[in-house]
$ cat start_15.cif   # mmCIF, C-alpha atoms and all ligand atoms
data_upload
#
loop_
_atom_site.label_atom_id
_atom_site.label_comp_id
_atom_site.auth_asym_id
_atom_site.auth_seq_id
_atom_site.Cartn_x
_atom_site.Cartn_y
_atom_site.Cartn_z
CA MET A 1 20.12 3.29 -60.78
CA THR A 2 17.85 1.56 -58.27
CA GLU A 3 18.33 -2.18 -58.49
CA ILE A 4 15.20 -4.35 -58.50
CA PHE A 5 15.02 -8.10 -57.91
CA THR A 6 12.58 -10.01 -60.10
CA GLY A 7 12.95 -13.59 -58.82
CA ASN A 8 10.20 -15.57 -57.10
CA PHE A 9 10.80 -16.46 -53.44
CA THR A 10 8.48 -19.46 -53.56
CA GLN A 11 9.67 -21.02 -56.82
CA GLN A 12 11.53 -24.27 -56.18
CA GLU A 13 13.49 -26.17 -58.78
CA PRO A 14 11.70 -28.64 -61.07
CA ILE A 15 11.43 -32.25 -59.95
CA PRO A 16 14.56 -34.02 -61.29
CA GLU A 17 14.21 -36.10 -64.46
CA ASP A 18 14.95 -39.42 -62.75
CA ALA A 19 12.24 -38.68 -60.19
CA ILE A 20 9.76 -37.85 -62.94
CA ALA A 21 10.63 -41.13 -64.69
CA ALA A 22 10.09 -43.06 -61.44
CA ALA A 23 6.75 -41.30 -60.91
CA MET A 24 5.68 -42.14 -64.48
CA ALA A 25 6.45 -45.80 -63.85
CA VAL A 26 4.15 -45.79 -60.82
CA LEU A 27 1.41 -44.05 -62.79
CA GLN A 28 1.78 -46.57 -65.59
CA HIS A 29 1.40 -49.61 -63.35
CA GLY A 30 -1.24 -47.90 -61.23
CA ARG A 31 -0.23 -49.40 -57.89
CA ILE A 32 -0.12 -46.10 -56.03
CA HIS A 33 -1.29 -47.34 -52.62
CA ARG A 34 1.79 -48.43 -50.72
CA TYR A 35 0.51 -51.91 -49.94
CA ASN A 36 -0.72 -52.56 -53.49
CA LEU A 37 2.27 -54.57 -54.66
CA ALA A 38 2.96 -57.10 -57.40
CA ALA A 39 4.50 -60.42 -56.39
CA ASP A 40 8.11 -59.82 -55.31
CA GLU A 41 7.70 -56.05 -55.53
CA ALA A 42 9.04 -54.05 -52.56
CA GLY A 43 7.26 -50.84 -53.52
CA GLU A 44 8.56 -47.29 -53.68
CA THR A 45 7.36 -46.37 -50.17
CA ALA A 46 9.01 -49.29 -48.42
CA LEU A 47 12.22 -48.66 -50.39
CA LEU A 48 12.14 -44.99 -49.45
CA GLU A 49 11.89 -45.96 -45.77
CA ARG A 50 14.76 -48.41 -46.07
CA GLU A 51 16.95 -45.84 -47.81
CA PHE A 52 16.16 -43.00 -45.41
CA ALA A 53 16.88 -45.27 -42.43
CA ASP A 54 20.26 -46.10 -44.00
CA GLN A 55 20.98 -42.48 -44.84
CA THR A 56 20.34 -41.31 -41.26
CA GLY A 57 21.64 -44.41 -39.51
CA ALA A 58 18.28 -44.99 -37.80
CA ALA A 59 17.05 -48.51 -37.14
CA TYR A 60 13.49 -47.75 -38.26
CA CYS A 61 11.74 -45.38 -40.64
CA LEU A 62 8.12 -44.68 -41.52
CA ALA A 63 6.95 -42.51 -44.42
CA VAL A 64 3.68 -40.63 -43.85
CA ALA A 65 1.35 -38.04 -45.35
CA SER A 66 2.92 -34.87 -43.88
CA GLY A 67 5.47 -33.52 -41.45
CA GLY A 68 2.69 -32.47 -39.09
CA TYR A 69 1.27 -35.98 -39.17
CA ALA A 70 4.73 -37.38 -38.35
CA LEU A 71 4.94 -35.03 -35.33
CA ALA A 72 1.50 -36.03 -34.00
CA THR A 73 2.29 -39.69 -34.59
CA ALA A 74 5.55 -39.33 -32.67
CA LEU A 75 3.68 -37.77 -29.74
CA ARG A 76 1.14 -40.59 -29.68
CA ALA A 77 3.84 -43.24 -30.11
CA VAL A 78 5.81 -42.02 -27.08
CA GLY A 79 2.59 -42.14 -25.06
CA VAL A 80 1.41 -38.51 -24.83
CA LYS A 81 -2.19 -38.48 -23.60
CA PRO A 82 -4.93 -35.81 -23.61
CA GLY A 83 -4.27 -33.27 -20.86
CA ASP A 84 -0.50 -33.91 -20.77
CA LYS A 85 1.84 -30.98 -21.05
CA VAL A 86 4.47 -30.96 -23.79
CA LEU A 87 7.43 -28.58 -23.82
CA THR A 88 8.12 -26.93 -27.16
CA ASN A 89 9.79 -23.88 -28.73
CA ALA A 90 8.13 -20.47 -28.56
CA PHE A 91 9.83 -19.78 -31.91
CA THR A 92 8.45 -22.32 -34.36
CA LEU A 93 5.74 -22.73 -36.98
CA ALA A 94 2.07 -23.43 -36.36
CA PRO A 95 2.12 -27.21 -37.17
CA VAL A 96 4.34 -27.82 -34.13
CA PRO A 97 2.04 -26.56 -31.34
CA GLY A 98 -0.78 -27.75 -33.61
CA SER A 99 0.45 -31.34 -33.44
CA ILE A 100 0.49 -31.10 -29.64
CA ALA A 101 -3.05 -29.74 -29.59
CA SER A 102 -4.13 -32.46 -32.05
CA VAL A 103 -3.52 -35.14 -29.43
CA GLY A 104 -5.34 -33.11 -26.76
CA ALA A 105 -2.11 -32.11 -25.02
CA GLU A 106 -1.03 -28.65 -23.93
CA PRO A 107 2.03 -26.81 -25.29
CA VAL A 108 4.36 -25.24 -22.72
CA PHE A 109 6.54 -22.74 -24.57
CA VAL A 110 10.27 -22.48 -23.98
CA GLY A 111 12.04 -19.25 -24.89
CA VAL A 112 14.38 -18.44 -27.76
CA THR A 113 17.90 -16.95 -27.72
CA GLU A 114 19.41 -14.35 -30.04
CA GLY A 115 20.97 -17.31 -31.85
CA LEU A 116 17.37 -18.37 -32.61
CA VAL A 117 17.68 -21.65 -30.71
CA ILE A 118 15.78 -22.91 -27.70
CA ASP A 119 16.86 -21.17 -24.49
CA LEU A 120 18.47 -23.98 -22.50
CA GLU A 121 18.24 -22.10 -19.20
CA ASP A 122 14.52 -21.64 -19.68
CA LEU A 123 14.27 -25.32 -20.64
CA ALA A 124 16.09 -26.38 -17.46
CA ALA A 125 13.78 -24.14 -15.42
CA LYS A 126 10.68 -25.75 -16.96
CA ALA A 127 12.00 -29.32 -17.05
CA ASP A 128 9.73 -30.40 -14.20
CA GLN A 129 6.59 -29.37 -16.09
CA ALA A 130 6.42 -32.11 -18.74
CA LYS A 131 7.71 -35.53 -19.67
CA VAL A 132 8.12 -34.79 -23.38
CA LEU A 133 9.94 -32.07 -25.32
CA MET A 134 8.98 -31.44 -28.93
CA LEU A 135 12.18 -29.73 -30.03
CA SER A 136 11.75 -27.70 -33.18
CA HIS A 137 15.02 -26.97 -35.00
CA MET A 138 13.26 -23.92 -36.30
CA ARG A 139 14.75 -22.40 -39.47
CA GLY A 140 17.56 -24.92 -39.23
CA HIS A 141 19.20 -23.52 -36.07
CA LEU A 142 20.62 -26.23 -33.82
CA CYS A 143 21.18 -25.60 -30.13
CA ASP A 144 23.97 -27.23 -28.09
CA MET A 145 22.49 -30.71 -28.46
CA GLU A 146 24.79 -32.27 -25.88
CA ARG A 147 23.65 -29.84 -23.21
CA LEU A 148 20.02 -30.21 -24.26
CA MET A 149 20.16 -34.00 -24.00
CA GLU A 150 21.85 -33.72 -20.61
CA ILE A 151 19.02 -31.52 -19.30
CA CYS A 152 16.38 -33.83 -20.74
CA ASP A 153 18.04 -37.08 -19.67
CA ASP A 154 18.45 -35.77 -16.12
CA ALA A 155 14.79 -34.81 -15.97
CA GLY A 156 13.55 -38.01 -17.67
CA ILE A 157 12.19 -36.03 -20.62
CA ILE A 158 11.65 -37.82 -23.94
CA VAL A 159 12.85 -35.71 -26.87
CA ILE A 160 11.04 -35.60 -30.21
CA GLU A 161 12.98 -33.67 -32.86
CA ASP A 162 11.16 -31.60 -35.45
CA CYS A 163 13.65 -31.72 -38.33
CA ALA A 164 11.49 -29.98 -40.94
CA HIS A 165 14.36 -27.49 -41.49
CA THR A 166 17.34 -29.68 -40.60
CA MET A 167 17.15 -32.57 -43.04
CA GLY A 168 20.87 -32.74 -43.88
CA GLY A 169 21.96 -30.80 -40.77
CA ALA A 170 24.10 -31.97 -37.82
CA TRP A 171 25.53 -30.88 -34.46
CA LYS A 172 29.17 -31.84 -33.87
CA GLY A 173 28.89 -34.24 -36.80
CA LYS A 174 25.92 -36.14 -35.37
CA ALA A 175 22.86 -35.76 -37.57
CA SER A 176 19.91 -33.76 -36.42
CA GLY A 177 17.17 -36.31 -35.79
CA ARG A 178 19.57 -38.78 -34.16
CA TRP A 179 19.72 -37.12 -30.73
CA GLY A 180 16.20 -37.64 -29.42
CA ALA A 181 14.00 -40.74 -29.21
CA VAL A 182 12.24 -40.01 -32.47
CA ALA A 183 12.46 -37.43 -35.25
CA ALA A 184 10.02 -36.08 -37.82
CA TYR A 185 10.80 -34.58 -41.24
CA SER A 186 8.63 -32.82 -43.79
CA CYS A 187 8.78 -33.40 -47.56
CA GLN A 188 6.47 -30.51 -48.31
CA THR A 189 7.40 -28.25 -51.24
CA TYR A 190 9.21 -25.61 -49.16
CA LYS A 191 11.48 -28.05 -47.31
CA HIS A 192 14.64 -29.87 -48.44
CA VAL A 193 13.00 -32.49 -50.62
CA ASN A 194 9.75 -31.89 -52.47
CA SER A 195 6.85 -34.27 -52.93
CA GLY A 196 4.21 -31.58 -52.42
CA GLU A 197 3.19 -33.17 -49.14
CA GLY A 198 4.85 -35.90 -47.15
CA GLY A 199 6.68 -36.74 -43.95
CA LEU A 200 9.25 -39.15 -42.55
CA LEU A 201 9.67 -40.45 -39.03
CA ILE A 202 12.80 -42.19 -37.73
CA THR A 203 13.60 -43.90 -34.44
CA ASP A 204 15.79 -46.60 -32.93
CA ASP A 205 13.02 -47.66 -30.53
CA GLU A 206 11.19 -50.76 -31.71
CA ASP A 207 8.00 -50.06 -29.76
CA ILE A 208 7.76 -46.48 -30.99
CA ALA A 209 8.35 -47.73 -34.55
CA ALA A 210 5.73 -50.47 -34.35
CA ARG A 211 3.10 -48.19 -32.82
CA ALA A 212 3.80 -45.47 -35.41
CA ILE A 213 3.50 -47.95 -38.28
CA ILE A 214 0.18 -49.34 -37.02
CA MET A 215 -1.15 -45.85 -36.38
CA SER A 216 -0.18 -44.67 -39.86
CA GLY A 217 -2.72 -47.08 -41.31
CA SER A 218 -0.76 -50.23 -42.07
CA TYR A 219 -3.79 -52.41 -41.26
CA MET A 220 -2.04 -55.70 -40.57
CA LEU A 221 0.31 -55.38 -43.54
CA TYR A 222 3.29 -54.25 -41.50
CA GLY A 223 5.19 -57.28 -42.79
CA ARG A 224 5.61 -55.40 -46.07
CA HIS A 225 7.77 -52.76 -44.41
CA LEU A 226 11.53 -52.89 -44.93
CA ALA A 227 12.60 -50.56 -42.11
CA ALA A 228 10.37 -51.94 -39.34
CA PRO A 229 10.91 -54.10 -36.26
CA GLY A 230 10.15 -57.83 -36.28
CA PRO A 231 6.63 -59.34 -36.04
CA GLU A 232 7.03 -60.08 -32.33
CA VAL A 233 7.09 -56.34 -31.61
CA PHE A 234 3.87 -55.79 -33.56
CA GLU A 235 2.29 -58.69 -31.62
CA ARG A 236 2.84 -56.64 -28.45
CA VAL A 237 1.15 -53.49 -29.72
CA LYS A 238 -1.28 -54.42 -32.47
CA TYR A 239 -4.44 -54.85 -30.38
CA ASP A 240 -4.28 -51.57 -28.54
CA THR A 241 -2.86 -49.21 -31.17
CA PRO A 242 -5.52 -47.33 -33.18
CA ASN A 243 -5.36 -46.85 -36.95
CA ILE A 244 -5.15 -43.11 -37.69
CA SER A 245 -4.58 -43.23 -41.42
CA GLY A 246 -1.87 -40.95 -42.77
CA ARG A 247 0.15 -43.09 -45.16
CA MET A 248 2.66 -42.03 -47.78
CA ASP A 249 1.87 -43.32 -51.30
CA ASN A 250 4.13 -44.83 -53.94
CA LEU A 251 3.90 -41.82 -56.23
CA ARG A 252 5.32 -39.41 -53.68
CA ALA A 253 7.89 -41.95 -52.54
CA ALA A 254 9.04 -42.38 -56.15
CA ILE A 255 9.58 -38.62 -56.43
CA LEU A 256 11.47 -38.49 -53.13
CA ARG A 257 13.99 -41.32 -53.51
CA PRO A 258 16.14 -39.64 -56.19
CA GLN A 259 15.95 -36.31 -54.32
CA LEU A 260 17.23 -37.89 -51.11
CA ARG A 261 20.15 -39.41 -52.99
CA ASP A 262 21.03 -35.89 -54.13
CA LEU A 263 20.59 -34.21 -50.75
CA ASP A 264 24.27 -33.58 -49.94
CA ARG A 265 24.82 -31.74 -53.21
CA GLN A 266 21.70 -29.64 -52.67
CA VAL A 267 22.85 -28.76 -49.14
CA GLN A 268 26.12 -27.42 -50.58
CA ARG A 269 24.25 -25.35 -53.13
CA TRP A 270 21.96 -23.91 -50.42
CA ASN A 271 24.91 -23.06 -48.22
CA ALA A 272 26.81 -21.32 -51.00
CA ARG A 273 23.78 -19.05 -51.46
CA TYR A 274 23.41 -18.57 -47.71
CA ARG A 275 27.01 -17.45 -47.30
CA VAL A 276 26.61 -14.84 -50.05
CA LEU A 277 23.50 -13.44 -48.31
CA GLU A 278 25.16 -13.54 -44.90
CA GLU A 279 28.26 -11.70 -46.12
CA GLY A 280 26.15 -9.18 -47.99
CA LEU A 281 24.08 -8.38 -44.89
CA ARG A 282 27.07 -7.85 -42.59
CA ASP A 283 27.81 -4.34 -41.37
CA THR A 284 24.29 -3.10 -42.02
CA PRO A 285 23.48 -0.47 -39.39
CA GLY A 286 20.68 -1.65 -37.08
CA LEU A 287 20.74 -5.21 -38.44
CA THR A 288 22.06 -8.19 -36.45
CA VAL A 289 23.33 -11.19 -38.41
CA VAL A 290 22.58 -14.51 -36.67
CA GLU A 291 26.02 -16.12 -36.30
CA ARG A 292 26.22 -19.88 -36.89
CA PRO A 293 28.26 -21.87 -34.34
CA ASP A 294 31.21 -23.93 -35.61
CA GLU A 295 29.65 -27.10 -34.16
CA GLU A 296 26.62 -26.72 -36.39
CA SER A 297 26.28 -28.10 -39.92
CA PHE A 298 23.24 -26.35 -41.27
CA VAL A 299 21.21 -26.18 -44.44
CA GLY A 300 20.85 -22.62 -45.67
CA SER A 301 17.40 -22.97 -47.21
CA SER A 302 16.40 -19.77 -45.43
CA ILE A 303 18.24 -16.98 -43.62
CA GLN A 304 17.16 -14.82 -40.69
CA PHE A 305 18.37 -11.52 -39.33
CA LEU A 306 17.30 -9.43 -36.34
CA LEU A 307 16.09 -5.85 -36.20
CA LEU A 308 16.46 -5.73 -32.42
CA ASP A 309 14.57 -3.03 -30.53
CA TRP A 310 13.09 -1.54 -33.71
CA SER A 311 9.54 -0.27 -33.47
CA PRO A 312 6.94 -2.27 -35.41
CA GLU A 313 6.38 0.79 -37.63
CA LYS A 314 10.04 0.92 -38.65
CA ILE A 315 10.15 -2.81 -39.28
CA ASN A 316 7.05 -2.55 -41.45
CA ALA A 317 8.61 0.37 -43.31
CA ALA A 318 11.80 -1.60 -44.03
CA ILE A 319 9.81 -4.62 -45.19
CA ALA A 320 7.62 -2.46 -47.44
CA ARG A 321 10.64 -0.75 -48.99
CA CYS A 322 12.32 -4.09 -49.72
CA ALA A 323 9.05 -5.44 -51.17
CA LYS A 324 8.92 -2.49 -53.58
CA ARG A 325 12.27 -3.61 -54.91
CA GLY A 326 11.14 -7.22 -55.27
CA VAL A 327 12.58 -8.61 -52.04
CA GLU A 328 10.02 -10.51 -50.03
CA LEU A 329 10.81 -10.60 -46.32
CA LYS A 330 8.78 -12.47 -43.73
CA TRP A 331 8.36 -10.94 -40.30
CA PHE A 332 7.87 -13.49 -37.56
CA GLY A 333 7.20 -10.75 -35.01
CA GLY A 334 4.07 -9.29 -36.62
CA ALA A 335 1.11 -9.05 -34.24
CA GLU A 336 -1.26 -10.78 -36.67
CA PRO A 337 -0.49 -14.21 -38.16
CA VAL A 338 0.29 -13.75 -41.88
CA ALA A 339 0.73 -16.63 -44.34
CA PHE A 340 3.28 -19.03 -42.81
CA THR A 341 4.36 -16.78 -39.95
CA SER A 342 2.78 -16.50 -36.52
CA ARG A 343 3.81 -15.85 -32.93
CA TYR A 344 3.19 -18.07 -29.93
CA ASP A 345 0.57 -15.66 -28.61
CA SER A 346 -1.46 -16.24 -31.79
CA TRP A 347 -1.94 -19.90 -30.80
CA ARG A 348 -4.75 -19.12 -28.40
CA TYR A 349 -5.76 -22.75 -27.89
CA ALA A 350 -2.66 -22.96 -25.69
CA PRO A 351 -2.82 -21.38 -22.23
CA ALA A 352 -1.48 -17.80 -22.35
CA GLN A 353 2.18 -17.60 -21.45
CA SER A 354 4.57 -14.72 -20.99
CA LEU A 355 8.16 -14.83 -22.27
CA PRO A 356 9.34 -11.22 -22.22
CA ALA A 357 13.01 -11.92 -23.06
CA SER A 358 11.89 -13.96 -26.07
CA ASP A 359 9.35 -11.37 -27.14
CA ARG A 360 12.15 -8.87 -27.65
CA ILE A 361 13.90 -11.28 -30.01
CA LEU A 362 10.79 -12.59 -31.75
CA THR A 363 9.62 -9.03 -32.46
CA GLY A 364 12.80 -8.49 -34.46
CA VAL A 365 13.07 -11.74 -36.46
CA VAL A 366 12.96 -11.28 -40.21
CA ASP A 367 13.21 -14.24 -42.56
CA ILE A 368 14.18 -14.75 -46.19
CA ARG A 369 13.48 -17.91 -48.14
CA VAL A 370 16.36 -19.08 -50.32
CA PRO A 371 15.00 -21.32 -53.09
CA LEU A 372 17.63 -23.04 -55.24
CA THR A 373 16.24 -21.28 -58.29
CA PHE A 374 18.16 -18.21 -57.04
CA SER A 375 21.74 -17.88 -58.24
CA GLU A 376 24.56 -16.63 -56.01
CA ASP A 377 24.39 -13.35 -57.95
CA ASP A 378 20.69 -13.12 -57.11
CA CYS A 379 21.58 -13.57 -53.43
CA ALA A 380 24.18 -10.80 -53.62
CA LEU A 381 21.59 -8.48 -55.19
CA ILE A 382 18.97 -9.36 -52.53
CA ALA A 383 21.51 -8.57 -49.80
CA ARG A 384 22.39 -5.22 -51.42
CA ILE A 385 18.73 -4.24 -51.55
CA ILE A 386 18.11 -5.20 -47.92
CA LYS A 387 21.26 -3.46 -46.79
CA SER A 388 20.37 -0.20 -48.47
CA GLU A 389 16.69 -0.17 -47.40
CA VAL A 390 17.30 -1.29 -43.82
CA SER A 391 20.10 1.25 -43.39
CA SER A 392 18.03 4.12 -44.67
CA VAL A 393 15.04 3.29 -42.45
CA PHE A 394 17.37 2.79 -39.48
CA GLN A 395 19.23 6.03 -40.04
CA ALA A 396 15.97 7.95 -40.30
CA GLN A 397 15.08 7.05 -36.75
C1 LIG B 1 6.68 -27.43 -42.42
C2 LIG B 1 6.93 -27.60 -40.99
C3 LIG B 1 6.39 -28.66 -40.26
C4 LIG B 1 5.33 -29.59 -40.75
O1 LIG B 1 5.35 -29.95 -42.02
P1 LIG B 1 4.06 -30.20 -42.96
O2 LIG B 1 4.62 -31.23 -43.87
O3 LIG B 1 3.71 -28.90 -43.58
O4 LIG B 1 2.96 -30.76 -42.10
C5 LIG B 1 6.79 -28.81 -38.95
N1 LIG B 1 7.65 -27.97 -38.38
C6 LIG B 1 8.17 -26.92 -39.03
C7 LIG B 1 9.12 -26.04 -38.31
C8 LIG B 1 7.82 -26.70 -40.35
O5 LIG B 1 8.32 -25.64 -41.00
#

$ encode --input "start_15.cif" --output "structure tokens"
Amino acid sequence: MTEIFTGNFTQQEPIPEDAIAAAMAVLQHGRIHRYNLAADEAGETALLEREFADQTGAAYCLAVASGGYALATALRAVGVKPGDKVLTNAFTLAPVPGSIASVGAEPVFVGVTEGLVIDLEDLAAKADQAKVLMLSHMRGHLCDMERLMEICDDAGIIVIEDCAHTMGGAWKGKASGRWGAVAAYSCQTYKHVNSGEGGLLITDDEDIAARAIIMSGSYMLYGRHLAAPGPEVFERVKYDTPNISGRMDNLRAAILRPQLRDLDRQVQRWNARYRVLEEGLRDTPGLTVVERPDEESFVGSSIQFLLLDWSPEKINAAIARCAKRGVELKWFGGAEPVAFTSRYDSWRYAPAQSLPASDRILTGVVDIRVPLTFSEDDCALIARIIKSEVSSVFQAQ
């Protein structure tokens, strides 16, 4: 009997009951704008910022409208100007180079390794080309963060971490987002907490924090923040920092606070599913499992494997055969951008760059989303289907 999978790869879990109750309370009082507060009310957004700062150990936190907005705000807050070059990963998603382009700067792509992390040798070779690195922990893979910080510190490069896929992740026990000068998270539906849209920015730098808060559209109400520097810092920056509105609202913040409290448990559930998929994919002819280093604590909300040196036709055939059996794979190496996936050469607003060693890897990257609505049995079934279809296409070549 041919097994078929019938689950939905984009179906997340429902919003938890306590989050729904908190959202209803906001709807009932109607004060959805973050600065619309009753006397003595802190507000859901300010409380979210305080709690996320505590959870990550950061001094300051700002909640904003999206992860992409948090990235662009971080770039502006560290002083990136139009025409500047910004180093970033060749393997990432479109909002990352997009945030660089949104401030008029130019992405300089750094290669990717077979471990799907930034190529630190390529980074060292390009370290003299920019003063800022936007480091995307793409698909939750963390590089050797100590080595990366050494390269960047030596070259005077400011590091911005894109933690869209590493909320809850760490390298050698130090949280992702706490290595660079500033970090950005996404609370969009497909990430680790779900408010539809939303973003969080953390930093220990008081000037970066104050500039980010003013830019986000705080008007002169920054005194209502609970994870912000003191008024004297805002005095220094308030006249020359533009308002580029992109605030979080109290409704989204209300939905997020209970989810963040539950993050550790969700991470364990994701990783249990990930390990079942990983084990199930092992020993598939032609398929390379991406091994996770011991130093890395990751969040298995997606899993990748490599079909190295396969022709595009064979990769397409394997993907089509899996799709017929209900298993939706995403191919990051496809020549045309499709849905959420695209390659660095599709971002034609950036100057054309050639990364042949990375191209070989990127051409073979296949991705599976792992929503928590899947059971571990579902994951075992998905792995069986991939294993059988990939093997038969591989063996036919
Ligand atoms: C989703 C995502 C972002 C941006 O998040 P949005 O909230 O969609 O703007 C940034 N980087 C990566 C790698 C992402 O996947």

$ closest_residue --input "start_15.cif" --among "A:Lys85, A:Arg269, A:Arg224, A:Arg369" --to "ligand LIG 1 (chain B)" --atoms "all atoms listed in the file"
A:Arg369

$ closest_residue --input "start_15.cif" --among "A:Ile315, A:Asp40, A:Gly79, A:Ile255" --to "A:Cys187" --atoms "all atoms listed in the file"
A:Ile255

$ residues_around --input "start_15.cif" --residues "stretch 342-357 of chain A" --least-positions-apart "4" --cutoff "12 Å" --atoms "all atoms listed in the file" --output "JSON, numbers by chain"
{"A": [83, 85, 86, 87, 88, 89, 90, 91, 92, 93, 94, 95, 96, 97, 98, 99, 100, 101, 102, 104, 105, 106, 107, 108, 109, 110, 111, 112, 113, 114, 119, 122, 308, 309, 330, 331, 332, 333, 334, 335, 336, 337, 338, 361, 362, 363, 364, 365]}

$ closest_residue --input "start_15.cif" --among "A:Leu200, A:Ala19, A:Leu372, A:Leu221" --to "ligand LIG 1 (chain B)" --atoms "all atoms listed in the file"
A:Leu200

$ closest_atom_pairs --input "start_15.cif" --of "chain A" --to "ligand LIG 1 (chain B)" --cutoff "7 Å" --atoms "only C-alpha atoms and all ligand atoms" --output "CSV"
residue,atom,partner,partner_atom,distance
A:Ser66,CA,B:LIG1,O2,4.0
A:Gly67,CA,B:LIG1,O2,3.4
A:Gly68,CA,B:LIG1,O4,3.5
A:Tyr69,CA,B:LIG1,O4,6.2
A:Thr92,CA,B:LIG1,C7,5.5
A:Leu93,CA,B:LIG1,C7,4.9
A:Pro95,CA,B:LIG1,C5,5.2
A:Val96,CA,B:LIG1,N1,5.4
A:Ser136,CA,B:LIG1,C7,6.0
A:His137,CA,B:LIG1,C7,6.8
A:Met138,CA,B:LIG1,C7,5.1
A:Arg139,CA,B:LIG1,C7,6.8
A:Asp162,CA,B:LIG1,N1,5.8
A:Ala164,CA,B:LIG1,C6,4.9
A:His165,CA,B:LIG1,C7,6.3
A:Ser186,CA,B:LIG1,O2,4.3
A:Cys187,CA,B:LIG1,O2,6.0
A:Gln188,CA,B:LIG1,O2,4.9
A:Lys191,CA,B:LIG1,C1,6.9
A:Glu197,CA,B:LIG1,O2,5.8
A:Gly198,CA,B:LIG1,O2,5.7
A:Gly199,CA,B:LIG1,O2,5.9

$ write_last_selection --input "start_15.cif" --atoms "C-alpha atoms" --output "mmCIF file, keeping the file's coordinate frame"
data_model
loop_
_atom_site.group_PDB
_atom_site.id
_atom_site.type_symbol
_atom_site.label_atom_id
_atom_site.label_comp_id
_atom_site.auth_asym_id
_atom_site.auth_seq_id
_atom_site.Cartn_x
_atom_site.Cartn_y
_atom_site.Cartn_z
ATOM 1 C CA SER A 66 2.920 -34.870 -43.880
ATOM 2 C CA GLY A 67 5.470 -33.520 -41.450
ATOM 3 C CA GLY A 68 2.690 -32.470 -39.090
ATOM 4 C CA TYR A 69 1.270 -35.980 -39.170
ATOM 5 C CA THR A 92 8.450 -22.320 -34.360
ATOM 6 C CA LEU A 93 5.740 -22.730 -36.980
ATOM 7 C CA PRO A 95 2.120 -27.210 -37.170
ATOM 8 C CA VAL A 96 4.340 -27.820 -34.130
ATOM 9 C CA SER A 136 11.750 -27.700 -33.180
ATOM 10 C CA HIS A 137 15.020 -26.970 -35.000
ATOM 11 C CA MET A 138 13.260 -23.920 -36.300
ATOM 12 C CA ARG A 139 14.750 -22.400 -39.470
ATOM 13 C CA ASP A 162 11.160 -31.600 -35.450
ATOM 14 C CA ALA A 164 11.490 -29.980 -40.940
ATOM 15 C CA HIS A 165 14.360 -27.490 -41.490
ATOM 16 C CA SER A 186 8.630 -32.820 -43.790
ATOM 17 C CA CYS A 187 8.780 -33.400 -47.560
ATOM 18 C CA GLN A 188 6.470 -30.510 -48.310
ATOM 19 C CA LYS A 191 11.480 -28.050 -47.310
ATOM 20 C CA GLU A 197 3.190 -33.170 -49.140
ATOM 21 C CA GLY A 198 4.850 -35.900 -47.150
ATOM 22 C CA GLY A 199 6.680 -36.740 -43.950
#

$ residues_around --input "start_15.cif" --residues "A:Ile4" --least-positions-apart "6" --cutoff "12 Å" --atoms "only C-alpha atoms" --output "number ranges by chain"
A: 321-328, 378, 381-386, 389

$ write_last_selection --input "start_15.cif" --atoms "C-alpha atoms" --output "compact mmCIF listing (two decimals), keeping the file's coordinate frame"
# COMPACT_ATOMS: atom_id res chain seq x y z
CA ARG A 321 10.64 -0.75 -48.99
CA CYS A 322 12.32 -4.09 -49.72
CA ALA A 323 9.05 -5.44 -51.17
CA LYS A 324 8.92 -2.49 -53.58
CA ARG A 325 12.27 -3.61 -54.91
CA GLY A 326 11.14 -7.22 -55.27
CA VAL A 327 12.58 -8.61 -52.04
CA GLU A 328 10.02 -10.51 -50.03
CA ASP A 378 20.69 -13.12 -57.11
CA LEU A 381 21.59 -8.48 -55.19
CA ILE A 382 18.97 -9.36 -52.53
CA ALA A 383 21.51 -8.57 -49.80
CA ARG A 384 22.39 -5.22 -51.42
CA ILE A 385 18.73 -4.24 -51.55
CA ILE A 386 18.11 -5.20 -47.92
CA GLU A 389 16.69 -0.17 -47.40

$ atom_distance --input "start_15.cif" --atom1 "atom CA of A:Glu313" --atom2 "atom CA of A:Phe394"
11.3 Å
